[in-house]
file final.txt (compact mmCIF, C-alpha atoms)
# COMPACT_ATOMS: atom_id res chain seq x y z
CA MET A 17 65.68 -53.87 -54.26
CA LYS A 18 62.95 -56.39 -54.89
CA VAL A 19 62.13 -57.56 -58.40
CA ILE A 20 58.74 -59.22 -58.86
CA TYR A 21 58.01 -61.03 -62.11
CA TYR A 22 54.29 -61.50 -62.63
CA SER A 23 51.81 -62.88 -65.12
CA TYR A 24 48.24 -64.18 -65.15
CA CYS A 25 49.08 -67.60 -63.69
CA GLY A 26 52.58 -66.87 -62.41
CA CYS A 27 53.60 -70.42 -63.18
CA PHE A 28 55.24 -70.32 -66.61
CA SER A 29 56.77 -67.13 -68.00
CA SER A 30 57.40 -65.54 -64.60
CA PRO A 31 59.31 -68.46 -63.01
CA ILE A 32 61.30 -68.85 -66.24
CA CYS A 33 62.25 -65.16 -66.32
CA ALA A 34 62.99 -65.09 -62.58
CA TYR A 35 65.14 -68.21 -62.88
CA LEU A 36 67.10 -66.75 -65.78
CA HIS A 37 67.48 -63.48 -63.90
CA VAL A 38 68.79 -65.09 -60.72
CA ASN A 39 71.09 -67.56 -62.43
CA ASN A 40 72.26 -65.07 -65.04
CA LYS A 41 71.59 -67.52 -67.84
CA GLY A 42 70.64 -67.05 -71.44
CA GLN A 43 69.16 -70.44 -72.06
CA ILE A 44 67.89 -73.40 -70.08
CA GLU A 45 68.45 -77.00 -71.08
CA LYS A 46 65.48 -79.35 -71.18
CA GLU A 47 66.25 -81.29 -67.99
CA GLU A 48 66.95 -78.14 -66.05
CA PHE A 49 63.81 -76.51 -67.45
CA PHE A 50 61.45 -78.87 -65.66
CA ASN A 51 63.27 -78.27 -62.37
CA ILE A 52 62.63 -74.53 -62.37
CA PRO A 53 61.06 -73.68 -59.01
CA TYR A 54 57.28 -73.21 -59.06
CA LEU A 55 57.00 -73.99 -62.76
CA PHE A 56 53.42 -75.16 -63.48
CA GLN A 57 52.38 -74.49 -59.86
CA ILE A 58 49.35 -72.20 -59.83
CA ASP A 59 48.94 -70.23 -56.60
CA TYR A 60 47.32 -66.87 -57.37
CA GLY A 61 48.28 -63.97 -55.14
CA GLN A 62 51.15 -65.72 -53.36
CA ILE A 63 54.52 -64.01 -53.72
CA LYS A 64 57.28 -66.61 -53.96
CA PHE A 65 60.96 -66.07 -53.49
CA ILE A 66 63.19 -67.37 -56.29
CA GLY A 67 66.60 -66.14 -55.22
CA LYS A 68 69.05 -63.27 -55.27
CA ASP A 69 70.83 -62.00 -58.34
CA GLU A 70 74.50 -60.99 -58.56
CA ASP A 71 73.66 -57.50 -57.26
CA GLN A 72 71.83 -58.93 -54.25
CA ASN A 73 68.43 -57.91 -55.63
CA GLU A 74 65.75 -60.28 -54.34
CA VAL A 75 63.73 -61.89 -57.11
CA PHE A 76 60.13 -63.06 -56.67
CA ILE A 77 57.23 -64.30 -58.75
CA ILE A 78 53.47 -63.94 -58.44
CA GLY A 79 50.36 -64.86 -60.42
CA MET A 80 47.83 -62.02 -60.36
CA LYS A 81 45.13 -63.07 -62.87
CA ASN A 82 43.74 -59.85 -64.40
CA PHE A 83 44.16 -57.89 -61.18
CA SER A 84 47.78 -56.85 -61.62
CA GLU A 85 47.06 -53.11 -61.84
CA ASN A 86 44.85 -53.28 -58.74
CA ILE A 87 47.36 -55.26 -56.76
CA LYS A 88 50.33 -53.10 -57.72
CA LYS A 89 48.44 -49.95 -56.74
CA THR A 90 47.33 -51.43 -53.41
CA LEU A 91 50.79 -52.73 -52.53
CA GLN A 92 52.43 -49.41 -53.38
CA ASP A 93 49.91 -47.59 -51.15
CA LEU A 94 50.50 -50.08 -48.34
CA MET A 95 54.23 -49.41 -48.61
CA LYS A 96 53.48 -45.76 -47.83
CA VAL A 97 51.23 -46.71 -44.91
CA PHE A 98 53.89 -48.98 -43.40
CA LYS A 99 56.69 -46.57 -44.39
CA ILE A 100 58.51 -49.17 -46.46
CA GLU A 101 61.09 -47.31 -48.48
CA GLU A 102 62.67 -50.11 -50.49
CA ASP A 103 62.49 -49.92 -54.29
CA ILE A 104 60.28 -52.50 -55.94
CA ILE A 105 60.01 -53.24 -59.61
CA PHE A 106 57.12 -55.24 -61.06
CA ILE A 107 57.85 -56.90 -64.41
CA ASP A 108 54.97 -58.20 -66.49
CA THR A 109 55.92 -61.39 -68.32
CA SER A 110 52.43 -62.24 -69.60
CA HIS A 111 53.43 -61.81 -73.25
CA TYR A 112 55.69 -64.86 -72.90
CA ASP A 113 52.93 -67.04 -71.44
CA VAL A 114 51.47 -69.93 -73.40
CA LYS A 115 47.86 -69.67 -74.47
CA PHE A 116 45.60 -72.24 -72.80
CA LEU A 117 48.27 -72.74 -70.13
CA LYS A 118 45.82 -73.93 -67.49
CA PHE A 119 44.48 -76.51 -69.93
CA LEU A 120 48.00 -77.70 -70.76
CA ILE A 121 48.90 -77.95 -67.08
CA ARG A 122 45.82 -80.08 -66.50
CA LEU A 123 46.70 -82.19 -69.52
CA ARG A 124 50.21 -82.61 -68.15
CA GLU A 125 48.82 -84.25 -65.03
CA ASN A 126 47.67 -87.14 -67.21
CA LYS A 127 50.49 -89.64 -67.71
CA ILE A 128 49.51 -90.29 -71.33
CA PHE A 129 49.82 -86.64 -72.33
CA LYS A 130 52.65 -85.59 -70.01
CA LYS A 131 55.52 -86.24 -72.40
CA MET A 132 53.77 -84.56 -75.30
CA THR A 133 52.79 -81.53 -73.19
CA ASP A 134 56.30 -81.21 -71.74
CA GLU A 135 57.72 -81.31 -75.25
CA LEU A 136 55.31 -78.63 -76.40
CA LEU A 137 55.97 -76.34 -73.41
CA TYR A 138 59.73 -76.63 -73.67
CA LYS A 139 59.59 -76.04 -77.43
CA TYR A 140 57.47 -72.96 -76.77
CA TYR A 141 60.10 -71.63 -74.39
CA TYR A 142 63.00 -72.63 -76.66
CA LEU A 143 61.57 -70.75 -79.65
CA ARG A 144 61.39 -67.58 -77.56
CA HIS A 145 64.49 -67.96 -75.44
CA GLN A 146 66.44 -65.27 -77.31
CA ASN A 147 63.66 -62.74 -76.81
CA ILE A 148 63.26 -63.70 -73.17
CA LYS A 149 67.00 -63.32 -72.65
CA LYS A 150 66.96 -59.82 -74.20
CA PHE A 151 63.88 -58.93 -72.17
CA ILE A 152 65.55 -59.83 -68.87
CA GLN A 153 68.83 -58.17 -69.78
CA LYS A 154 66.95 -54.98 -70.62
CA TYR A 155 65.51 -54.89 -67.11
CA LYS A 156 68.75 -55.95 -65.43
CA LYS A 157 70.46 -52.93 -66.98
CA VAL A 158 67.83 -50.66 -65.42
CA LEU A 159 68.24 -52.15 -61.92
CA MET B 27 46.81 -52.08 -36.30
CA ILE B 28 45.64 -51.22 -39.79
CA VAL B 29 42.09 -52.25 -40.72
CA VAL B 30 41.26 -52.35 -44.42
CA TYR B 31 37.67 -52.78 -45.56
CA MET B 32 37.64 -54.23 -49.03
CA CYS B 33 34.83 -54.37 -51.59
CA TYR B 34 34.41 -54.30 -55.38
CA GLY B 35 35.04 -50.63 -56.11
CA SER B 36 35.61 -48.95 -52.71
CA ALA B 37 32.49 -46.90 -53.31
CA HIS B 38 29.69 -48.40 -51.22
CA SER B 39 30.00 -51.36 -48.85
CA SER B 40 33.55 -50.67 -47.70
CA VAL B 41 32.77 -46.97 -47.20
CA VAL B 42 29.72 -47.74 -45.06
CA ALA B 43 31.49 -50.44 -43.00
CA ALA B 44 34.53 -48.23 -42.42
CA SER B 45 32.30 -45.29 -41.50
CA ILE B 46 30.46 -47.37 -38.88
CA HIS B 47 33.83 -48.53 -37.60
CA ILE B 48 35.18 -45.01 -37.05
CA GLY B 49 31.90 -43.66 -35.72
CA LEU B 50 30.71 -41.62 -38.70
CA LEU B 51 27.57 -43.75 -38.82
CA PRO B 52 25.49 -44.98 -35.86
CA ILE B 53 25.25 -48.60 -34.69
CA ASN B 54 22.02 -48.20 -32.71
CA ARG B 55 19.78 -46.95 -35.53
CA VAL B 56 19.50 -46.95 -39.29
CA PRO B 57 21.03 -43.74 -40.71
CA THR B 58 19.25 -41.31 -42.99
CA TYR B 59 19.76 -40.97 -46.76
CA GLU B 60 21.70 -37.75 -46.22
CA GLU B 61 24.02 -39.33 -43.67
CA ILE B 62 24.97 -42.02 -46.19
CA VAL B 63 25.49 -39.82 -49.27
CA SER B 64 27.55 -37.30 -47.31
CA LEU B 65 30.15 -39.94 -46.33
CA PRO B 66 33.63 -39.37 -47.77
CA HIS B 67 34.21 -41.44 -50.95
CA TYR B 68 30.60 -42.66 -50.99
CA ASP B 69 29.63 -43.51 -54.58
CA LYS B 70 32.52 -41.39 -55.84
CA THR B 71 35.41 -43.74 -56.60
CA SER B 72 36.17 -43.90 -60.31
CA ASN B 73 37.33 -47.03 -62.15
CA ASP B 74 40.91 -45.72 -62.27
CA GLU B 75 40.97 -45.43 -58.49
CA ILE B 76 40.09 -49.07 -57.85
CA GLY B 77 43.04 -50.52 -55.95
CA THR B 78 43.93 -47.20 -54.33
CA LEU B 79 43.94 -47.28 -50.54
CA PHE B 80 41.79 -44.50 -49.03
CA TYR B 81 42.22 -43.41 -45.43
CA MET B 82 38.93 -43.12 -43.56
CA GLY B 83 40.04 -42.31 -40.03
CA LYS B 84 40.93 -43.77 -36.65
CA ASP B 85 38.71 -45.81 -34.37
CA GLU B 86 38.43 -45.47 -30.59
CA PHE B 87 41.32 -47.92 -30.09
CA GLY B 88 43.68 -45.96 -32.33
CA ASN B 89 43.47 -48.38 -35.26
CA GLU B 90 43.77 -46.73 -38.66
CA VAL B 91 40.89 -47.60 -40.96
CA TYR B 92 41.22 -47.69 -44.77
CA ILE B 93 39.09 -48.78 -47.69
CA VAL B 94 40.15 -50.40 -50.97
CA GLY B 95 38.51 -51.83 -54.08
CA ALA B 96 39.61 -55.13 -55.55
CA ARG B 97 36.94 -55.92 -58.18
CA ASN B 98 36.26 -59.66 -58.21
CA GLY B 99 39.79 -60.43 -57.07
CA ARG B 100 39.28 -59.89 -53.36
CA GLN B 101 40.75 -63.27 -52.37
CA ILE B 102 43.80 -62.85 -54.63
CA VAL B 103 44.38 -59.26 -53.55
CA THR B 104 44.09 -60.24 -49.88
CA LYS B 105 46.58 -63.07 -50.34
CA ALA B 106 48.94 -60.79 -52.25
CA ILE B 107 48.78 -58.16 -49.50
CA TYR B 108 49.52 -60.63 -46.71
CA SER B 109 52.31 -62.37 -48.62
CA PHE B 110 53.85 -59.05 -49.68
CA LEU B 111 53.84 -57.59 -46.17
CA SER B 112 55.25 -60.80 -44.73
CA LEU B 113 58.40 -60.07 -46.79
CA TYR B 114 58.90 -57.11 -44.47
CA GLY B 115 58.04 -58.99 -41.29
CA ILE B 116 54.57 -57.45 -41.11
CA SER B 117 52.12 -60.11 -40.02
CA GLU B 118 48.35 -60.46 -39.76
CA LYS B 119 48.72 -58.99 -36.26
CA ASN B 120 49.51 -55.64 -37.89
CA ILE B 121 46.87 -55.57 -40.61
CA MET B 122 43.37 -56.91 -40.92
CA ILE B 123 41.65 -57.09 -44.29
CA VAL B 124 37.89 -57.34 -44.14
CA ASP B 125 35.73 -58.30 -47.10
CA ALA B 126 32.75 -55.95 -46.83
CA LEU B 127 31.01 -56.99 -50.04
CA PRO B 128 28.93 -59.88 -48.59
CA THR B 129 27.05 -57.32 -46.45
CA ILE B 130 25.24 -55.82 -49.43
CA GLY B 131 22.43 -57.29 -51.49
CA LEU B 132 21.43 -57.25 -55.12
CA THR B 133 19.80 -53.82 -54.83
CA THR B 134 23.06 -52.06 -53.94
CA LYS B 135 24.91 -54.00 -56.64
CA ILE B 136 22.39 -52.88 -59.27
CA GLY B 137 22.59 -49.31 -57.99
CA GLY B 138 26.39 -49.47 -58.00
CA VAL B 139 26.56 -50.64 -61.60
CA THR B 140 24.04 -47.98 -62.65
CA SER B 141 25.93 -45.19 -60.92
CA ARG B 142 29.61 -46.17 -61.26
CA ARG B 143 29.75 -48.18 -64.47
CA LEU B 144 26.91 -46.66 -66.49
CA GLY B 145 27.39 -43.19 -65.03
CA ILE B 146 23.67 -42.68 -64.31
CA ILE B 147 24.32 -41.24 -60.87
CA PHE B 148 20.91 -39.62 -60.27
CA LEU B 149 19.31 -43.04 -60.60
CA GLY B 150 22.01 -45.36 -59.27
CA ARG B 151 22.99 -43.51 -56.09
CA PRO B 152 19.52 -43.54 -54.45
CA ILE B 153 19.22 -47.25 -55.28
CA THR B 154 22.57 -47.99 -53.57
CA VAL B 155 21.47 -46.07 -50.48
CA TYR B 156 18.10 -47.86 -50.42
CA GLY B 157 19.93 -51.22 -50.63
CA ILE B 158 22.34 -50.28 -47.86
CA LEU B 159 19.62 -49.07 -45.51
CA LYS B 160 17.75 -52.34 -46.09
CA LYS B 161 20.86 -54.36 -45.14
CA TYR B 162 22.24 -51.97 -42.53
CA ASN B 163 22.11 -54.60 -39.78
CA ASN B 164 24.61 -56.72 -41.77
CA PHE B 165 27.09 -53.83 -41.65
CA VAL B 166 26.61 -53.29 -37.93
CA LYS B 167 27.14 -57.00 -37.27
CA LEU B 168 30.26 -57.10 -39.46
CA VAL B 169 31.84 -54.11 -37.74
CA THR B 170 30.87 -55.32 -34.25
CA ASP B 171 32.47 -58.70 -34.99
CA ILE B 172 35.63 -57.02 -36.29
CA LYS B 173 35.88 -54.76 -33.27
CA THR B 174 35.44 -57.76 -30.96
CA THR B 175 38.25 -59.57 -32.81
CA LEU B 176 40.44 -56.48 -32.56
CA GLN B 177 39.83 -56.25 -28.81
CA ILE B 178 40.59 -59.95 -28.31
CA ASN B 179 43.80 -59.66 -30.30
CA SER B 180 45.03 -56.52 -28.54
call {"tool": "encode", "arguments": {"input": "final.txt", "output": "structure tokens"}}
result
Amino acid sequence: MKVIYYSYCGCFSSPICAYLHVNNKGQIEKEEFFNIPYLFQIDYGQIKFIGKDEDQNEVFIIGMKNFSENIKKTLQDLMKVFKIEEDIIFIDTSHYDVKFLKFLIRLRENKIFKKMTDELLYKYYYLRHQNIKKFIQKYKKVL
Amino acid sequence: MIVVYMCYGSAHSSVVAASIHIGLLPINRVPTYEEIVSLPHYDKTSNDEIGTLFYMGKDEFGNEVYIVGARNGRQIVTKAIYSFLSLYGISEKNIMIVDALPTIGLTTKIGGVTSRRLGIIFLGRPITVYGILKKYNNFVKLVTDIKTTLQINS
């Protein structure tokens, strides 16, 4: 089975959720947080492999802007065309995304604001980590 | 090989391009109004169906031709399709996605909005056809180029 976490940018909530899913973690420490693969890397439409979970499910992330419903429909139809029979689950993580994320990522590129932005983004995650943990566990039970 | 013509709502430009490709519309003359409006899926796709892949037919080389709508996310959808299929070892040699939207002009876009979004079909549909007939050469050139590429690749 393939599990695809997606959001508008695919570079904050989805890599966090995918990382927690693959590593079976409940919380991420600050140093580890900034080493999450593809965190803050915007690349709309590109499906990126994060790893395999304990049940050998492959976990991916993707940023789909506001076209998630379109894309999901098209990919599911293409699976029929190419006779792909594997189960795929798309998980929307948008509700755990930061508002003005693109602005914050741009701000982060500036050395003066990097530390402050990093602090803010980690704090944002930390305040929601319990909910994120429950959210992932809920889906892992379904898989 | 799978050929997918993509446009905003899979109602006009992709339908016409795919129809030329499979021989439902001529390449040596401009079609009539009736020929256009009688095409399958022409000016019929609803908002809910955007993203659905519609089969149009097979061309003379045996390639299957489909149409799909992607709103303004054609680049993202294309990238997502290619990256998704690559997970299964399906490469760009197996599928070709063609953006058909640049073939149409403002007239068809206005007609499309009037018919599909505003629901004023009796007014919008003739405008879309008028716009397509005006730009029909663009469609023929697009399809000819695609067929040439397909022949080179095969």
call {"tool": "residues_near_point", "arguments": {"input": "final.txt", "point": "(22.1, -39.5, -56.8)", "cutoff": "12 Å", "atoms": "only C-alpha atoms", "output": "ChimeraX atom specification"}}
result
/B:59-60,62-64,68-70,137-138,140-142,145-156
call {"tool": "residues_near_point", "arguments": {"input": "final.txt", "point": "(43.1, -46.2, -56.6)", "cutoff": "8 Å", "atoms": "all atoms listed in the file", "output": "ChimeraX atom specification"}}
result
/A:86,89-90 /B:74-80,94-95
call {"tool": "atom_distance", "arguments": {"input": "final.txt", "atom1": "CA of Val30 in chain B", "atom2": "CA of Tyr92 in chain B"}}
result
4.7 Å
call {"tool": "atom_distance", "arguments": {"input": "final.txt", "atom1": "CA of Asn39 in chain A", "atom2": "CA of Lys68 in chain A"}}
result
8.6 Å
call {"tool": "atom_distance", "arguments": {"input": "final.txt", "atom1": "CA of Val139 in chain B", "atom2": "CA of Asn98 in chain B"}}
result
13.7 Å
call {"tool": "closest_residue", "arguments": {"input": "final.txt", "among": "B:Thr133, B:Thr174, B:Ser109, B:Asn179", "to": "chain A", "atoms": "only C-alpha atoms"}}
result
B:Ser109
call {"tool": "interface_residues", "arguments": {"input": "final.txt", "of": "chain A", "to": "chain B", "cutoff": "9 Å", "atoms": "all atoms listed in the file", "output": "ChimeraX atom specification"}}
result
/A:60-64,78-83,85-95,97-98,100
call {"tool": "write_last_selection", "arguments": {"input": "final.txt", "atoms": "C-alpha atoms", "output": "PDB file, keeping the file's coordinate frame"}}
result
ATOM      1  CA  TYR A  60      47.320 -66.870 -57.370  1.00  0.00           C
ATOM      2  CA  GLY A  61      48.280 -63.970 -55.140  1.00  0.00           C
ATOM      3  CA  GLN A  62      51.150 -65.720 -53.360  1.00  0.00           C
ATOM      4  CA  ILE A  63      54.520 -64.010 -53.720  1.00  0.00           C
ATOM      5  CA  LYS A  64      57.280 -66.610 -53.960  1.00  0.00           C
ATOM      6  CA  ILE A  78      53.470 -63.940 -58.440  1.00  0.00           C
ATOM      7  CA  GLY A  79      50.360 -64.860 -60.420  1.00  0.00           C
ATOM      8  CA  MET A  80      47.830 -62.020 -60.360  1.00  0.00           C
ATOM      9  CA  LYS A  81      45.130 -63.070 -62.870  1.00  0.00           C
ATOM     10  CA  ASN A  82      43.740 -59.850 -64.400  1.00  0.00           C
ATOM     11  CA  PHE A  83      44.160 -57.890 -61.180  1.00  0.00           C
ATOM     12  CA  GLU A  85      47.060 -53.110 -61.840  1.00  0.00           C
ATOM     13  CA  ASN A  86      44.850 -53.280 -58.740  1.00  0.00           C
ATOM     14  CA  ILE A  87      47.360 -55.260 -56.760  1.00  0.00           C
ATOM     15  CA  LYS A  88      50.330 -53.100 -57.720  1.00  0.00           C
ATOM     16  CA  LYS A  89      48.440 -49.950 -56.740  1.00  0.00           C
ATOM     17  CA  THR A  90      47.330 -51.430 -53.410  1.00  0.00           C
ATOM     18  CA  LEU A  91      50.790 -52.730 -52.530  1.00  0.00           C
ATOM     19  CA  GLN A  92      52.430 -49.410 -53.380  1.00  0.00           C
ATOM     20  CA  ASP A  93      49.910 -47.590 -51.150  1.00  0.00           C
ATOM     21  CA  LEU A  94      50.500 -50.080 -48.340  1.00  0.00           C
ATOM     22  CA  MET A  95      54.230 -49.410 -48.610  1.00  0.00           C
ATOM     23  CA  VAL A  97      51.230 -46.710 -44.910  1.00  0.00           C
ATOM     24  CA  PHE A  98      53.890 -48.980 -43.400  1.00  0.00           C
ATOM     25  CA  ILE A 100      58.510 -49.170 -46.460  1.00  0.00           C
TER      26      ILE A 100
END
call {"tool": "closest_residue", "arguments": {"input": "final.txt", "among": "A:Phe129, A:Phe119, A:Tyr141, A:Phe76", "to": "Ile104 in chain A", "atoms": "only C-alpha atoms"}}
result
A:Phe76
call {"tool": "residues_around", "arguments": {"input": "final.txt", "residues": "Ser72 in chain B", "least_positions_apart": "6", "cutoff": "9 Å", "atoms": "only C-alpha atoms", "output": "ChimeraX atom specification"}}
result
/B:35,37,142-143
call {"tool": "closest_residue", "arguments": {"input": "final.txt", "among": "A:Asn51, A:Phe28, A:Val38, A:Asn73", "to": "Asp103 in chain A", "atoms": "only C-alpha atoms"}}
result
A:Asn73
call {"tool": "closest_residue", "arguments": {"input": "final.txt", "among": "A:Leu136, A:Ile52, A:Ile107, A:Cys25", "to": "Leu159 in chain A", "atoms": "only C-alpha atoms"}}
result
A:Ile107
call {"tool": "residues_around", "arguments": {"input": "final.txt", "residues": "Ile105 in chain A", "least_positions_apart": "5", "cutoff": "9 Å", "atoms": "only C-alpha atoms", "output": "PyMOL selection string"}}
result
chain A and resi 17-21+159
call {"tool": "residues_around", "arguments": {"input": "final.txt", "residues": "Ser39 in chain B", "least_positions_apart": "2", "cutoff": "12 Å", "atoms": "all atoms listed in the file", "output": "VMD selection string"}}
result
chain B and resid 31 to 37 41 to 46 62 65 67 to 69 93 to 95 124 to 131 134 to 135 137 to 138 154 to 155 157 to 159 161 to 162 164 to 166 168 to 169
call {"tool": "decode", "arguments": {"input": "final.txt", "residues": "range 60-108 of chain B", "atoms": "C-alpha atoms", "output": "short mmCIF file (atom, residue, chain, number, x, y, z; two decimals), in the first residue's frame"}}
result
data_model
loop_
_atom_site.label_atom_id
_atom_site.label_comp_id
_atom_site.auth_asym_id
_atom_site.auth_seq_id
_atom_site.Cartn_x
_atom_site.Cartn_y
_atom_site.Cartn_z
CA GLU B 60 -22.85 20.63 -36.20
CA GLU B 61 -19.70 18.53 -36.43
CA ILE B 62 -18.27 20.33 -33.40
CA VAL B 63 -21.35 20.28 -31.14
CA SER B 64 -22.01 16.61 -31.87
CA LEU B 65 -18.59 15.56 -30.52
CA PRO B 66 -18.70 13.38 -27.39
CA HIS B 67 -18.19 15.45 -24.21
CA TYR B 68 -18.23 18.73 -26.15
CA ASP B 69 -19.39 21.52 -23.82
CA LYS B 70 -20.91 18.93 -21.50
CA THR B 71 -18.42 18.32 -18.69
CA SER B 72 -19.71 19.55 -15.35
CA ASN B 73 -17.55 21.11 -12.63
CA ASP B 74 -17.67 17.88 -10.60
CA GLU B 75 -16.22 15.94 -13.51
CA ILE B 76 -13.11 18.10 -13.83
CA GLY B 77 -10.17 15.77 -13.21
CA THR B 78 -12.00 12.72 -14.55
CA LEU B 79 -10.24 11.00 -17.43
CA PHE B 80 -12.55 10.51 -20.44
CA TYR B 81 -11.74 7.99 -23.15
CA MET B 82 -12.11 9.40 -26.66
CA GLY B 83 -10.90 6.55 -28.84
CA LYS B 84 -7.90 5.06 -30.60
CA ASP B 85 -5.80 6.65 -33.31
CA GLU B 86 -4.49 4.94 -36.45
CA PHE B 87 -1.35 3.79 -34.59
CA GLY B 88 -3.32 2.12 -31.81
CA ASN B 89 -2.64 4.83 -29.22
CA GLU B 90 -5.46 5.37 -26.75
CA VAL B 91 -6.59 8.98 -26.58
CA TYR B 92 -8.11 10.53 -23.44
CA ILE B 93 -9.11 14.00 -22.29
CA VAL B 94 -8.90 15.53 -18.82
CA GLY B 95 -9.55 18.89 -17.16
CA ALA B 96 -7.08 20.40 -14.73
CA ARG B 97 -8.37 23.96 -14.19
CA ASN B 98 -5.41 26.32 -13.86
CA GLY B 99 -3.22 23.58 -12.42
CA ARG B 100 -2.17 21.97 -15.69
CA GLN B 101 1.55 22.12 -14.89
CA ILE B 102 1.08 20.71 -11.37
CA VAL B 103 -1.31 18.00 -12.54
CA THR B 104 1.07 17.01 -15.34
CA LYS B 105 3.99 16.80 -12.92
CA ALA B 106 1.89 14.81 -10.44
CA ILE B 107 0.84 12.35 -13.16
CA TYR B 108 4.39 11.74 -14.38
#
